[in-house]
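Colleague: One structure, pasted below without further comment.
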Amino acid sequence: MDAAVFSQIEDGRFVASELARGPWDAGAQHGGAPAALLMRCFEQVPADRDLMIARVTYELLRPVPLGELTAQASVVRPGRRVQLLEGSISSPEGVELVRARALRVSRADARGFRTDPEPPPIGPVAGEDSSPPFDPPQRPTFAPDAIEIRFVSGAFGGGPSTAWFRLRVPVVAGETPSPLQRLAAAGDFGNGISSVLHWSEYLFINPDLTLYIERVPVGEWICLDARTIIASDGVGSAESVLYDERGRVGRAAQALLIAPR
């Protein structure tokens, strides 16, 4: 088994290992893998120390295959207090697979005023290591082989749930994942842990993911308090509140493609 989700060939070129594999297709990645890689790209774009990433929106345009790919990011709207960045993942042939935008803003200056922190759910030590309730097309897969999942409320397929996530391996070989890379890797699981439909009967795939980051998380564990909503005569969505072991750090939102298999 590879020791990381991705290995870097050269600047901007990577190879996705089998640890990136998702639940729907043996040859395609879980959304958390490219989300974490693009977060790394955004973090490497030079920035003033007072600026932080406040929002990242990912458009998952096509299935992201295992194997070689390119990933890059740059500033498209510079500014002293607000900046807009764009990033993408493409195939070796230049086909765009994932497109993302990140918003960097100055840290809040409220002259000492802060809202009361929201405490975290019960911690990961109270949960048990859980695997998704399906037979994957092939192993290893992103979950549970690259990322550990511990439920403290609910369960796969049981509707609203709360679970903690921890990367078992680096996002990129030879590197320690940053707090925001850990957040991005976990943030794509909201629809999976709060599903109200059976895996064997329905697809509930998210073609997008938006992360709102209120503060940089601390530690290895990221928690999602997630729920799935299927609107009458509408579409599906999943929304999650994100925590570290100190308290709330942000939110995640996903639109869902829901269809019988």
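A note on labels: chains of the structure tokens are A, B, ... as shown, every chain counts residues from 1, and ligands are counted from 1 in their shown order.
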Would you pick out the contacts of Ala20 of chain A at 7 Å or less, using only C-alpha atoms, so that residues sharing its chain but fewer than 6 positions from it are not included, and give the list as a PDB file with N, CA and C atoms, in the first residue's frame?

Modeller:
ATOM      1  N   VAL A   5      -1.572   9.723   0.006  1.00  0.00           N
ATOM      2  CA  VAL A   5      -2.646   9.819  -0.980  1.00  0.00           C
ATOM      3  C   VAL A   5      -2.074  10.224  -2.338  1.00  0.00           C
ATOM      4  N   GLN A  29     -11.395   9.021  -7.773  1.00  0.00           N
ATOM      5  CA  GLN A  29     -11.052   9.459  -6.431  1.00  0.00           C
ATOM      6  C   GLN A  29     -12.281   9.868  -5.618  1.00  0.00           C
ATOM      7  N   HIS A  30     -12.159   9.731  -4.303  1.00  0.00           N
ATOM      8  CA  HIS A  30     -13.098  10.355  -3.376  1.00  0.00           C
ATOM      9  C   HIS A  30     -12.880  11.861  -3.415  1.00  0.00           C
ATOM     10  N   ALA A  33      -9.983  13.739  -1.476  1.00  0.00           N
ATOM     11  CA  ALA A  33      -8.579  13.691  -1.902  1.00  0.00           C
ATOM     12  C   ALA A  33      -8.202  14.907  -2.742  1.00  0.00           C
ATOM     13  N   THR A 141      -9.282   2.143  -0.230  1.00  0.00           N
ATOM     14  CA  THR A 141     -10.093   3.313  -0.562  1.00  0.00           C
ATOM     15  C   THR A 141      -9.760   4.438   0.414  1.00  0.00           C
ATOM     16  N   PHE A 142     -10.157   5.662   0.018  1.00  0.00           N
ATOM     17  CA  PHE A 142      -9.864   6.838   0.845  1.00  0.00           C
ATOM     18  C   PHE A 142     -10.393   6.628   2.266  1.00  0.00           C
TER      19      PHE A 142
END

Colleague: For Gly234 of chain A, find every residue with an atom within 12 Å (counting only C-alpha atoms), except residues of its own chain fewer than 4 positions away, and show them as a ChimeraX atom specification.

Modeller: /A:229-230,255-258

Colleague: At most 9 Å is the cut-off: for each residue in segment 182-231 of chain A with any atom that close to an atom of segment 43-59 of chain A, write down the nearest atom pair and the distance in Å rounded to one decimal, counting only C-alpha atoms, chain first then increasing number, as a Markdown table.

Modeller:
| residue | atom | partner | partner_atom | distance |
| --- | --- | --- | --- | --- |
| A:Pro207 | CA | A:Glu59 | CA | 6.3 |
| A:Asp208 | CA | A:Glu59 | CA | 4.7 |
| A:Leu209 | CA | A:Tyr58 | CA | 5.1 |
| A:Thr210 | CA | A:Thr57 | CA | 4.2 |
| A:Leu211 | CA | A:Val56 | CA | 5.2 |
| A:Tyr212 | CA | A:Arg55 | CA | 4.5 |
| A:Ile213 | CA | A:Ala54 | CA | 4.8 |
| A:Glu214 | CA | A:Ala54 | CA | 6.5 |
| A:Arg215 | CA | A:Ala54 | CA | 8.0 |
| A:Val216 | CA | A:Met52 | CA | 8.5 |

Colleague: Go through A:Glu128, A:Ile89, A:Ala26, A:Val76 one by one, measure the shortest atom-to-atom distance of each to Gly12 of chain A using only C-alpha atoms, and give the residue with the smallest value.

Modeller: A:Ile89

Colleague: Between atom CA of Gly174 of chain A and atom CA of Cys41 of chain A, what distance in Å does the model show, to one decimal?

Modeller: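 Distance reported for this atom pair: 15.8 Å.
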
Colleague: Could you list, as a ChimeraX atom specification, every residue within 8 Å of segment 144-152 of chain A, counting only C-alpha atoms and ignoring same-chain residues fewer than 6 positions away?

Modeller: /A:4-5,19-20,122-124,126-132,161-169

Colleague: The selected residues should be written to file as a PDB file, in the first residue's frame (atoms: C-alpha atoms).

Modeller:
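For reference, again-v7.pdb as written:
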ATOM      1  CA  ALA A   4       0.405   8.747   0.991  1.00  0.00           C
ATOM      2  CA  VAL A   5      -2.646   9.819  -0.980  1.00  0.00           C
ATOM      3  CA  LEU A  19      -5.590   5.523  -1.240  1.00  0.00           C
ATOM      4  CA  ALA A  20      -7.446   8.308  -3.096  1.00  0.00           C
ATOM      5  CA  ILE A 122     -18.211  14.646  22.473  1.00  0.00           C
ATOM      6  CA  GLY A 123     -14.636  13.805  21.488  1.00  0.00           C
ATOM      7  CA  PRO A 124     -13.277  11.087  19.203  1.00  0.00           C
ATOM      8  CA  ALA A 126     -15.833   8.168  22.719  1.00  0.00           C
ATOM      9  CA  GLY A 127     -16.335   6.805  19.193  1.00  0.00           C
ATOM     10  CA  GLU A 128     -15.352   3.588  17.486  1.00  0.00           C
ATOM     11  CA  ASP A 129     -13.449   3.229  14.232  1.00  0.00           C
ATOM     12  CA  SER A 130     -16.119   2.767  11.520  1.00  0.00           C
ATOM     13  CA  SER A 131     -16.011   1.645   7.904  1.00  0.00           C
ATOM     14  CA  PRO A 132     -18.573   2.632   5.237  1.00  0.00           C
ATOM     15  CA  SER A 161     -24.854  12.048  12.273  1.00  0.00           C
ATOM     16  CA  THR A 162     -21.781  13.336  14.045  1.00  0.00           C
ATOM     17  CA  ALA A 163     -18.395  11.792  13.314  1.00  0.00           C
ATOM     18  CA  TRP A 164     -14.715  12.578  13.796  1.00  0.00           C
ATOM     19  CA  PHE A 165     -12.134  12.172  11.016  1.00  0.00           C
ATOM     20  CA  ARG A 166      -8.358  11.777  11.131  1.00  0.00           C
ATOM     21  CA  LEU A 167      -5.941  11.258   8.258  1.00  0.00           C
ATOM     22  CA  ARG A 168      -3.992   8.020   8.597  1.00  0.00           C
ATOM     23  CA  VAL A 169      -1.431   9.002   5.928  1.00  0.00           C
TER      24      VAL A 169
END
